[in-house]
$ cat data.txt   # compact mmCIF, C-alpha atoms
# COMPACT_ATOMS: atom_id res chain seq x y z
CA MET A 24 319.13 23.29 110.59
CA ALA A 25 318.27 25.86 107.90
CA THR A 26 320.85 28.62 107.33
CA GLN A 27 320.21 32.03 108.90
CA THR A 28 320.41 35.15 106.74
CA GLU A 29 322.20 38.22 108.14
CA SER A 30 318.91 39.92 109.08
CA GLU A 31 317.64 36.69 110.69
CA LEU A 32 320.80 36.50 112.81
CA LYS A 33 320.23 40.10 113.92
CA MET A 34 316.64 39.25 114.86
CA ALA A 35 317.84 36.10 116.69
CA GLU A 36 320.27 38.24 118.70
CA LEU A 37 317.40 40.54 119.64
CA LEU A 38 315.32 37.54 120.81
CA VAL A 39 318.14 36.06 122.92
CA GLU A 40 318.74 39.42 124.59
CA ALA A 41 315.11 40.52 125.03
CA LEU A 42 313.99 37.13 126.37
CA ASN A 43 317.20 36.32 128.27
CA LEU A 44 317.22 32.84 126.73
CA GLU A 45 319.41 30.73 129.02
CA ASP A 46 322.21 28.71 127.50
CA MET A 47 321.26 29.63 123.92
CA GLU A 48 323.29 31.46 121.27
CA ALA A 49 321.60 33.49 118.52
CA GLU A 50 323.33 31.33 115.88
CA GLU A 51 321.59 28.22 117.28
CA ILE A 52 318.03 29.34 116.51
CA ASP A 53 316.78 27.48 113.44
CA PRO A 54 314.97 30.08 111.29
CA GLU A 55 312.34 27.47 110.37
CA ASP A 56 311.60 26.18 113.90
CA GLN A 57 308.37 27.17 115.64
CA LEU A 58 309.06 30.00 118.11
CA PHE A 59 306.12 29.14 120.38
CA GLY A 60 304.92 25.84 121.82
CA ASP A 61 307.05 22.86 120.90
CA GLY A 62 309.88 24.66 119.10
CA LEU A 63 311.72 27.27 121.15
CA GLY A 64 309.09 27.02 123.90
CA LEU A 65 308.22 30.71 124.07
CA ASP A 66 304.95 31.86 125.64
CA SER A 67 302.54 34.81 125.60
CA ILE A 68 304.71 37.03 127.84
CA ASP A 69 307.57 36.46 125.37
CA ALA A 70 305.28 37.62 122.54
CA LEU A 71 304.77 40.92 124.38
CA GLU A 72 308.51 41.27 125.00
CA ILE A 73 309.29 40.56 121.32
CA SER A 74 306.74 43.18 120.18
CA LEU A 75 308.28 45.75 122.53
CA ALA A 76 311.85 44.97 121.44
CA ILE A 77 310.92 45.13 117.73
CA SER A 78 309.08 48.42 118.23
CA LYS A 79 312.17 49.94 119.93
CA GLU A 80 314.75 48.46 117.53
CA TYR A 81 312.93 48.73 114.18
CA GLY A 82 310.04 51.15 114.85
CA VAL A 83 307.59 48.45 113.68
CA GLN A 84 304.38 48.09 115.70
CA ILE A 85 302.95 44.57 115.99
CA LYS A 86 299.33 44.63 117.12
CA ALA A 87 297.63 41.55 118.59
CA GLU A 88 294.42 42.13 116.60
CA ASP A 89 296.11 42.61 113.19
CA GLU A 90 295.82 39.99 110.51
CA GLY A 91 299.22 38.51 109.85
CA THR A 92 300.45 38.80 113.46
CA ARG A 93 299.93 35.08 114.12
CA GLU A 94 301.81 34.19 110.94
CA ALA A 95 304.58 36.67 111.72
CA PHE A 96 305.21 34.99 115.08
CA GLU A 97 305.50 31.47 113.65
CA THR A 98 309.24 31.30 113.04
CA LEU A 99 312.36 33.45 113.13
CA ARG A 100 312.12 33.58 109.32
CA SER A 101 308.51 34.82 109.23
CA LEU A 102 309.14 37.34 112.00
CA THR A 103 312.18 38.76 110.21
CA ALA A 104 310.28 38.94 106.91
CA PHE A 105 307.34 40.71 108.61
CA VAL A 106 309.64 43.35 110.11
CA GLU A 107 311.57 43.84 106.86
CA LYS A 108 308.30 44.38 105.01
CA ASN A 109 306.83 46.84 107.51
CA LYS A 110 309.78 48.97 108.58
CA MET B 16 308.97 49.14 178.72
CA GLN B 17 308.81 45.48 179.67
CA THR B 18 307.90 43.03 176.92
CA LYS B 19 307.38 39.32 176.80
CA ALA B 20 310.29 37.29 175.46
CA LEU B 21 309.65 35.50 172.17
CA LYS B 22 311.27 32.10 171.65
CA CYS B 23 311.83 29.90 168.63
CA LYS B 24 314.06 27.04 167.55
CA ILE B 25 316.36 27.36 164.52
CA ALA B 26 316.08 24.24 162.39
CA GLY B 27 317.73 25.19 159.10
CA THR B 28 320.01 27.78 157.52
CA GLY B 29 320.78 28.82 153.93
CA ALA B 30 323.22 31.39 152.52
CA TRP B 31 324.52 32.67 149.20
CA GLY B 32 326.96 35.45 148.29
CA SER B 33 329.74 36.27 145.84
CA TYR B 34 332.23 34.21 147.89
CA PHE B 35 330.02 31.56 149.51
CA GLU B 36 327.49 29.14 148.04
CA ASN B 37 325.97 27.86 151.28
CA TRP B 38 325.89 28.23 155.05
CA SER B 39 328.96 26.08 155.71
CA ALA B 40 331.04 28.20 153.30
CA LEU B 41 329.81 31.37 155.03
CA GLN B 42 330.63 29.81 158.43
CA ALA B 43 334.16 29.18 157.18
CA LEU B 44 334.54 32.85 156.17
CA LEU B 45 333.15 33.99 159.53
CA GLY B 46 335.76 31.72 161.14
CA GLY B 47 338.60 33.42 159.27
CA ALA B 48 339.03 31.32 156.11
CA ASP B 49 340.57 33.08 153.08
CA LEU B 50 338.27 34.28 150.31
CA PRO B 51 338.05 31.85 147.39
CA GLU B 52 339.74 33.15 144.21
CA ALA B 53 336.66 32.95 142.03
CA LYS B 54 333.84 35.44 142.55
CA LEU B 55 330.39 33.98 141.91
CA LYS B 56 327.92 35.96 139.81
CA SER B 57 324.51 34.46 140.46
CA PRO B 58 322.90 31.34 141.85
CA LYS B 59 320.80 29.20 139.49
CA PRO B 60 317.99 27.86 141.68
CA GLY B 61 316.72 24.67 140.07
CA ILE B 62 313.37 24.89 141.84
CA ILE B 63 312.29 27.77 139.56
CA PRO B 64 311.05 26.31 136.23
CA ALA B 65 313.44 27.23 133.36
CA ASN B 66 310.94 29.52 131.59
CA GLU B 67 310.46 31.52 134.77
CA ARG B 68 314.12 31.42 135.83
CA ARG B 69 315.29 33.23 132.69
CA ARG B 70 312.94 36.06 133.65
CA ALA B 71 314.05 36.13 137.27
CA PRO B 72 316.35 39.02 138.24
CA LEU B 73 319.27 38.56 140.67
CA PRO B 74 317.37 39.43 143.90
CA VAL B 75 314.78 36.74 143.08
CA LYS B 76 317.42 34.09 142.38
CA LEU B 77 319.29 35.00 145.58
CA ALA B 78 316.17 34.78 147.74
CA VAL B 79 314.91 31.54 146.21
CA GLU B 80 318.29 29.76 146.34
CA SER B 81 318.89 30.67 149.98
CA SER B 82 315.31 29.77 150.95
CA TRP B 83 315.63 26.39 149.23
CA GLN B 84 318.88 25.62 151.06
CA ALA B 85 317.35 26.44 154.46
CA THR B 86 314.36 24.15 153.86
CA GLN B 87 316.71 21.34 152.77
CA ASP B 88 318.90 21.90 155.83
CA ALA B 89 315.81 21.73 158.05
CA GLY B 90 314.52 18.64 156.22
CA VAL B 91 311.13 20.28 155.68
CA GLU B 92 308.88 20.38 152.61
CA PRO B 93 309.22 23.96 151.26
CA ASN B 94 305.50 24.21 150.50
CA THR B 95 304.56 23.89 154.19
CA LEU B 96 306.15 27.09 155.48
CA THR B 97 304.72 30.54 156.11
CA CYS B 98 307.33 33.04 154.86
CA VAL B 99 308.76 36.45 155.60
CA PHE B 100 311.03 37.85 152.89
CA VAL B 101 313.02 41.06 153.34
CA SER B 102 315.18 43.35 151.27
CA GLY B 103 316.34 46.75 152.48
CA LEU B 104 317.03 48.02 148.95
CA GLY B 105 314.67 46.19 146.61
CA ASP B 106 315.70 45.79 142.97
CA THR B 107 317.46 49.07 142.18
CA ASP B 108 318.37 47.92 138.64
CA LEU B 109 314.66 47.68 137.87
CA THR B 110 313.89 50.95 139.66
CA ASP B 111 316.52 52.61 137.48
CA TYR B 112 315.17 50.92 134.32
CA MET B 113 311.58 52.04 135.04
CA CYS B 114 312.60 55.64 135.77
CA LYS B 115 314.81 55.86 132.67
CA THR B 116 312.17 54.34 130.40
CA LEU B 117 309.33 56.50 131.71
CA ALA B 118 311.49 59.60 131.23
CA SER B 119 312.39 58.66 127.63
CA GLU B 120 310.55 59.13 124.34
CA HIS B 121 309.43 55.47 124.14
CA LYS B 122 307.67 54.90 127.44
CA GLU B 123 306.53 51.31 126.89
CA LEU B 124 307.83 49.16 129.74
CA SER B 125 308.91 45.54 129.45
CA PRO B 126 306.03 43.54 130.97
CA THR B 127 308.54 41.16 132.57
CA LYS B 128 310.55 43.95 134.16
CA PHE B 129 307.39 45.70 135.34
CA HIS B 130 306.14 42.44 136.87
CA ASN B 131 309.51 41.86 138.56
CA SER B 132 309.73 45.39 139.94
CA VAL B 133 307.32 44.86 142.83
CA HIS B 134 308.89 44.34 146.24
CA ASN B 135 307.25 40.94 146.74
CA ALA B 136 308.51 39.48 143.43
CA PRO B 137 310.96 37.09 145.19
CA ALA B 138 308.21 35.90 147.55
CA GLY B 139 305.97 35.40 144.49
CA TYR B 140 308.55 33.33 142.59
CA TRP B 141 309.10 31.26 145.75
CA THR B 142 305.42 30.57 146.41
CA ILE B 143 304.75 29.72 142.74
CA SER B 144 307.86 27.53 142.42
CA THR B 145 307.11 25.57 145.60
CA GLY B 146 303.34 25.57 145.12
CA THR B 147 302.81 26.76 148.68
CA MET B 148 299.44 28.20 149.65
CA SER B 149 300.86 29.58 152.92
CA ALA B 150 301.09 33.31 153.56
CA ALA B 151 304.21 35.16 152.41
CA ASN B 152 305.02 38.60 153.79
CA SER B 153 307.50 40.98 152.18
CA VAL B 154 309.20 43.48 154.48
CA ALA B 155 311.29 46.55 153.69
CA GLY B 156 312.94 48.49 156.48
CA TYR B 157 316.22 49.79 155.04
CA GLU B 158 318.84 49.61 157.85
CA GLU B 159 316.42 47.95 160.29
CA SER B 160 315.18 45.36 157.76
CA VAL B 161 316.82 42.46 159.59
CA SER B 162 315.54 43.25 163.08
CA LEU B 163 312.00 43.97 161.85
CA THR B 164 311.91 40.68 159.98
CA ILE B 165 313.14 38.61 162.91
CA LEU B 166 310.53 40.20 165.15
CA GLU B 167 307.75 39.74 162.56
CA ALA B 168 308.61 36.06 161.99
CA MET B 169 309.03 35.23 165.68
CA ILE B 170 305.67 36.82 166.49
CA GLN B 171 303.97 34.78 163.75
CA CYS B 172 305.81 31.61 164.80
CA GLU B 173 304.71 31.98 168.43
CA THR B 174 301.15 33.29 167.96
CA GLU B 175 300.22 30.99 165.05
CA ASN B 176 302.33 28.09 166.39
CA VAL B 177 303.72 27.34 162.91
CA PRO B 178 307.21 26.91 161.42
CA MET B 179 308.41 29.88 159.38
CA LEU B 180 310.88 30.67 156.63
CA LEU B 181 312.81 33.96 156.93
CA THR B 182 314.82 35.16 153.94
CA PHE B 183 317.10 38.23 153.87
CA TYR B 184 318.52 39.36 150.50
CA ASP B 185 320.06 42.44 148.88
CA ALA B 186 321.81 42.77 145.52
CA PRO B 187 324.37 45.34 144.30
CA VAL B 188 322.91 48.81 143.74
CA ALA B 189 322.49 50.34 140.26
CA ASP B 190 325.38 52.73 139.44
CA ILE B 191 323.27 55.88 139.48
CA LEU B 192 322.14 55.28 143.07
CA THR B 193 325.54 54.42 144.58
CA PRO B 194 326.16 57.98 145.90
CA VAL B 195 323.29 57.37 148.36
CA LEU B 196 323.21 53.54 148.51
CA PRO B 197 326.80 52.32 148.20
CA ASN B 198 326.18 48.56 148.45
CA GLN B 199 328.02 46.59 145.74
CA GLU B 200 327.81 43.16 147.39
CA THR B 201 325.48 40.25 146.77
CA PHE B 202 324.01 38.61 149.86
CA ALA B 203 321.24 36.21 150.86
CA PHE B 204 320.58 34.35 154.10
CA SER B 205 317.65 32.22 155.25
CA LEU B 206 316.43 30.59 158.43
CA VAL B 207 313.75 28.00 159.08
CA ILE B 208 312.37 28.45 162.60
CA TYR B 209 309.96 26.34 164.65
CA PRO B 210 308.03 27.09 167.83
CA HIS B 211 310.54 26.65 170.69
CA ASP B 212 308.80 23.54 172.08
CA ALA B 213 308.63 21.73 168.69
CA ASP B 214 310.19 18.28 168.54
CA VAL B 215 313.05 19.25 166.21
CA GLU B 216 316.81 19.67 166.63
CA GLY B 217 318.06 23.23 166.83
CA LYS B 218 319.34 26.11 168.91
CA VAL B 219 316.82 28.17 170.84
CA LEU B 220 316.69 31.87 169.95
CA THR B 221 315.10 34.33 172.38
CA ALA B 222 314.10 37.87 171.37
CA MET B 223 313.13 40.78 173.57
CA VAL B 224 312.11 44.31 172.55
CA ASN B 225 313.70 47.09 174.65
CA GLN B 226 313.01 50.80 174.91
CA GLN B 227 316.37 52.21 173.86
CA GLU B 228 317.40 55.36 171.99
CA ASP B 229 320.18 55.20 169.42
CA ALA B 230 321.05 51.51 169.57
CA SER B 231 323.78 50.66 167.07
CA TRP B 232 324.75 47.50 165.21
CA PRO B 233 327.41 45.50 167.12
CA ALA B 234 330.82 45.07 165.48
CA LEU B 235 331.37 41.69 163.85
CA ASN B 236 333.88 39.36 165.48
CA ALA B 237 335.08 38.20 162.07
CA ASP B 238 338.35 39.73 160.91
CA SER B 239 337.42 40.11 157.24
CA THR B 240 337.28 43.32 155.19
CA TYR B 241 334.85 41.66 152.77
CA LEU B 242 332.38 40.68 155.52
CA THR B 243 332.79 43.94 157.46
CA GLU B 244 332.12 46.15 154.42
CA MET B 245 329.16 44.02 153.38
CA TYR B 246 327.80 44.22 156.95
CA ALA B 247 328.06 48.02 156.82
CA GLN B 248 326.60 48.59 153.35
CA ASN B 249 324.24 45.73 152.49
CA PRO B 250 321.06 46.02 154.65
CA ALA B 251 320.29 42.27 154.46
CA ALA B 252 323.87 41.42 155.47
CA LYS B 253 323.18 43.05 158.86
CA VAL B 254 321.99 39.52 159.68
CA LEU B 255 325.68 38.52 159.80
CA CYS B 256 325.75 39.49 163.49
CA VAL B 257 322.91 36.99 164.01
CA ALA B 258 324.82 34.41 161.94
CA GLU B 259 327.80 34.88 164.27
CA LEU B 260 325.50 34.44 167.26
CA LEU B 261 324.26 31.10 165.83
CA ASN B 262 327.83 30.05 165.15
CA GLN B 263 328.76 30.24 168.84
CA PRO B 264 327.57 28.00 171.69
CA ASP B 265 325.86 30.76 173.74
CA GLY B 266 325.71 34.50 173.38
CA GLN B 267 323.63 37.65 173.20
CA ILE B 268 323.47 40.73 170.97
CA THR B 269 321.36 43.88 170.90
CA ILE B 270 320.47 45.40 167.53
CA PRO B 271 318.53 48.54 166.49
CA LEU B 272 314.80 48.05 165.80
CA SER B 273 313.54 51.64 165.41
CA SER B 274 314.67 55.09 166.54
CA GLY B 275 313.39 54.39 170.07
CA THR B 276 313.65 50.62 170.40
CA SER B 277 316.14 47.79 170.12
CA LEU B 278 315.93 44.01 169.92
CA THR B 279 318.01 41.75 172.17
CA LEU B 280 318.68 38.28 170.77
CA ALA B 281 320.10 35.42 172.81
CA CYS B 282 321.02 31.98 171.57
CA GLU B 283 321.40 28.75 173.56
CA GLY B 284 322.12 25.16 172.78
$ encode --input "data.txt" --output "structure tokens"
Amino acid sequence: MATQTESELKMAELLVEALNLEDMEAEEIDPEDQLFGDGLGLDSIDALEISLAISKEYGVQIKAEDEGTREAFETLRSLTAFVEKNK
Amino acid sequence: MQTKALKCKIAGTGAWGSYFENWSALQALLGGADLPEAKLKSPKPGIIPANERRRAPLPVKLAVESSWQATQDAGVEPNTLTCVFVSGLGDTDLTDYMCKTLASEHKELSPTKFHNSVHNAPAGYWTISTGTMSAANSVAGYEESVSLTILEAMIQCETENVPMLLTFYDAPVADILTPVLPNQETFAFSLVIYPHDADVEGKVLTAMVNQQEDASWPALNADSTYLTEMYAQNPAAKVLCVAELLNQPDGQITIPLSSGTSLTLACEG
């Protein structure tokens, strides 16, 4: 698995808590794995929960219609980079 | 007031609480067994798909686990039963969350928590998990939750001539509400009932509505501080007096139904 940066670990902790991921530690999320579908197996409700948690924690709004939202949600790495860039 | 007696047959039982994982463990406690050392936190009902289970709050997991056990005990397919679910308190953690969030600067609610906050969330998780297309009712009646639910289910069982699932559940109350709702215990109990003339094994339960002012809940026979306090403070655990009735060969109890009525339950067989 690829190594997590400090900010990726913080984002992984937010995902585990916001989504109540059963039997999964933040350190176990591969920053290059797909978050949705085959990878972590998240779904559309999770996307809403992630947007809400990021808005409360980082003050960054993620809008469904924005360009770049799909890319931002691909992996832990892309999501962390998107938030770092927009906060 | 003279009413017709309702009759049904009890074919299956399920139970879950901090010190019992099933009906036989609860029966042991009712019979005077010591409390186990370890306190259980939450059931993990395997019938809820993993992606839904991680979103399920404690009251949902309690209700689904206990319901599942009762259907297994009765040897019945869970997707064939009409259901009545009841909680006297609802999910006070979610009530507290919603109130706090809506009173704060950032008012956006978690869609999952909002979805789970409705009173029929446990019935919804159950019907989706089992794939049942049968009706599922969700009752709330605070201190009279148990008696109202038994009456509702027995009426449906007799008039529709169908087996029913009854599930009683209440979780510990959020800290801020404990001055008015002191319950800190976790409790769930389920029954599968059949029309009284169905060809299944089980004790026959008879219910009769009486005109009676100020009926009160009968004292439990069990000599257990844990059970007695839970019986007093957890509205769903009021069903413990019915559990004791089922645990004995024959007997009768009268329980409050409303301010002017009571319900007499008798068990044979």
$ closest_atom_pairs --input "data.txt" --of "chain A" --to "chain B" --cutoff "12 Å" --atoms "all atoms listed in the file" --output "tab-separated table"
residue	atom	partner	partner_atom	distance
A:Val39	CA	B:Arg69	CA	10.6
A:Glu40	CA	B:Arg69	CA	10.8
A:Ala41	CA	B:Ser125	CA	9.1
A:Leu42	CA	B:Arg70	CA	7.4
A:Asn43	CA	B:Arg69	CA	5.7
A:Leu44	CA	B:Arg69	CA	6.3
A:Glu45	CA	B:Arg69	CA	6.1
A:Asp46	CA	B:Arg69	CA	9.8
A:Met47	CA	B:Arg69	CA	11.2
A:Leu63	CA	B:Asn66	CA	10.7
A:Gly64	CA	B:Asn66	CA	8.3
A:Leu65	CA	B:Asn66	CA	8.1
A:Asp66	CA	B:Asn66	CA	8.8
A:Ser67	CA	B:Pro126	CA	10.8
A:Ile68	CA	B:Pro126	CA	7.3
A:Asp69	CA	B:Thr127	CA	8.7
A:Ala70	CA	B:Pro126	CA	10.3
A:Leu71	CA	B:Pro126	CA	7.2
A:Glu72	CA	B:Ser125	CA	6.2
A:Ile73	CA	B:Ser125	CA	9.5
A:Ser74	CA	B:Ser125	CA	9.8
A:Leu75	CA	B:Ser125	CA	7.0
A:Ala76	CA	B:Ser125	CA	8.6
A:Ile77	CA	B:Glu123	CA	11.9
A:Ser78	CA	B:His121	CA	9.2
A:Lys79	CA	B:His121	CA	7.5
A:Glu80	CA	B:His121	CA	11.0
A:Gly82	CA	B:His121	CA	10.3
A:Gln84	CA	B:Glu123	CA	11.8
$ residues_around --input "data.txt" --residues "Ala49 in chain A" --least-positions-apart "5" --cutoff "10 Å" --atoms "only C-alpha atoms" --output "JSON, numbers by chain"
{"A": [27, 31, 32, 33, 34, 35, 36, 37, 38, 39, 40, 44]}
$ closest_residue --input "data.txt" --among "B:Pro250, B:Gly32, B:Pro210, B:Pro271" --to "Asp229 in chain B" --atoms "only C-alpha atoms"
B:Pro271
$ residues_around --input "data.txt" --residues "Glu107 in chain A" --least-positions-apart "5" --cutoff "10 Å" --atoms "only C-alpha atoms" --output "MDAnalysis selection string"
chainID A and resid 30 81 83 101:102
$ atom_distance --input "data.txt" --atom1 "CA of Gly46 in chain B" --atom2 "CA of Ala237 in chain B"
6.6 Å
$ atom_distance --input "data.txt" --atom1 "CA of Tyr246 in chain B" --atom2 "CA of Pro178 in chain B"
27.3 Å
$ residues_around --input "data.txt" --residues "Thr269 in chain B" --least-positions-apart "2" --cutoff "8 Å" --atoms "all atoms listed in the file" --output "list in words"
Ala230, Trp232, Pro233, Gln267, Pro271, Ser277, Leu278, Thr279 and Leu280 of chain B
$ atom_distance --input "data.txt" --atom1 "CA of Leu235 in chain B" --atom2 "CA of Lys253 in chain B"
9.7 Å
$ closest_residue --input "data.txt" --among "B:Ser102, B:Thr193, B:Glu92, B:Tyr209" --to "Thr174 in chain B" --atoms "only C-alpha atoms"
B:Tyr209
$ closest_residue --input "data.txt" --among "B:Leu260, B:Val75, B:Ala138, B:Ala234" --to "Gly284 in chain B" --atoms "all atoms listed in the file"
B:Leu260
$ closest_residue --input "data.txt" --among "B:Glu80, B:Asp108, B:Glu283, B:Glu167" --to "Gly217 in chain B" --atoms "all atoms listed in the file"
B:Glu283
$ residues_around --input "data.txt" --residues "Val188 in chain B" --least-positions-apart "3" --cutoff "7 Å" --atoms "all atoms listed in the file" --output "list of chain:residue names"
B:Thr107, B:Asp108, B:Leu192, B:Thr193, B:Leu196, B:Pro197, B:Asn198, B:Gln199
$ residues_around --input "data.txt" --residues "Leu99 in chain A" --least-positions-apart "6" --cutoff "8 Å" --atoms "all atoms listed in the file" --output "PyMOL selection string"
chain A and resi 31+34-35+52-58
$ decode --input "data.txt" --residues "range 51-101 of chain A" --atoms "C-alpha atoms" --output "short mmCIF file (atom, residue, chain, number, x, y, z; two decimals), in the first residue's frame"
data_model
loop_
_atom_site.label_atom_id
_atom_site.label_comp_id
_atom_site.auth_asym_id
_atom_site.auth_seq_id
_atom_site.Cartn_x
_atom_site.Cartn_y
_atom_site.Cartn_z
CA GLU A 51 -5.37 1.02 6.72
CA ILE A 52 -6.85 3.19 3.96
CA ASP A 53 -4.54 3.10 0.94
CA PRO A 54 -4.32 6.71 -0.33
CA GLU A 55 -4.33 5.43 -3.93
CA ASP A 56 -7.31 3.04 -3.65
CA GLN A 57 -10.65 3.99 -5.19
CA LEU A 58 -12.98 5.31 -2.47
CA PHE A 59 -16.17 4.36 -4.32
CA GLY A 60 -17.20 1.16 -6.09
CA ASP A 61 -14.64 -1.61 -5.95
CA GLY A 62 -12.11 0.01 -3.60
CA LEU A 63 -13.45 1.03 -0.20
CA GLY A 64 -17.02 0.34 -1.36
CA LEU A 65 -18.48 3.73 -0.48
CA ASP A 66 -21.74 4.90 -2.06
CA SER A 67 -23.64 8.10 -2.84
CA ILE A 68 -24.88 8.62 0.75
CA ASP A 69 -21.24 8.43 1.87
CA ALA A 70 -20.36 11.15 -0.66
CA LEU A 71 -22.92 13.43 1.02
CA GLU A 72 -21.57 12.58 4.47
CA ILE A 73 -17.97 13.26 3.34
CA SER A 74 -18.98 16.65 1.88
CA LEU A 75 -20.71 17.58 5.13
CA ALA A 76 -17.77 16.47 7.31
CA ILE A 77 -15.25 18.34 5.12
CA SER A 78 -17.38 21.48 5.17
CA LYS A 79 -17.54 21.38 9.01
CA GLU A 80 -13.87 20.42 9.55
CA TYR A 81 -12.13 22.46 6.83
CA GLY A 82 -14.75 25.02 5.73
CA VAL A 83 -14.43 23.72 2.15
CA GLN A 84 -17.67 23.36 0.18
CA ILE A 85 -17.83 20.51 -2.33
CA LYS A 86 -20.65 20.98 -4.82
CA ALA A 87 -22.02 18.09 -6.89
CA GLU A 88 -22.18 20.19 -10.07
CA ASP A 89 -18.62 21.58 -9.86
CA GLU A 90 -15.95 20.44 -12.24
CA GLY A 91 -13.30 18.57 -10.33
CA THR A 92 -15.69 17.06 -7.77
CA ARG A 93 -15.63 13.65 -9.45
CA GLU A 94 -11.84 13.69 -9.56
CA ALA A 95 -11.62 14.88 -5.95
CA PHE A 96 -13.66 11.88 -4.78
CA GLU A 97 -11.51 9.29 -6.57
CA THR A 98 -9.03 8.48 -3.82
CA LEU A 99 -7.98 9.57 -0.34
CA ARG A 100 -5.00 11.29 -2.01
CA SER A 101 -7.09 13.30 -4.49
#
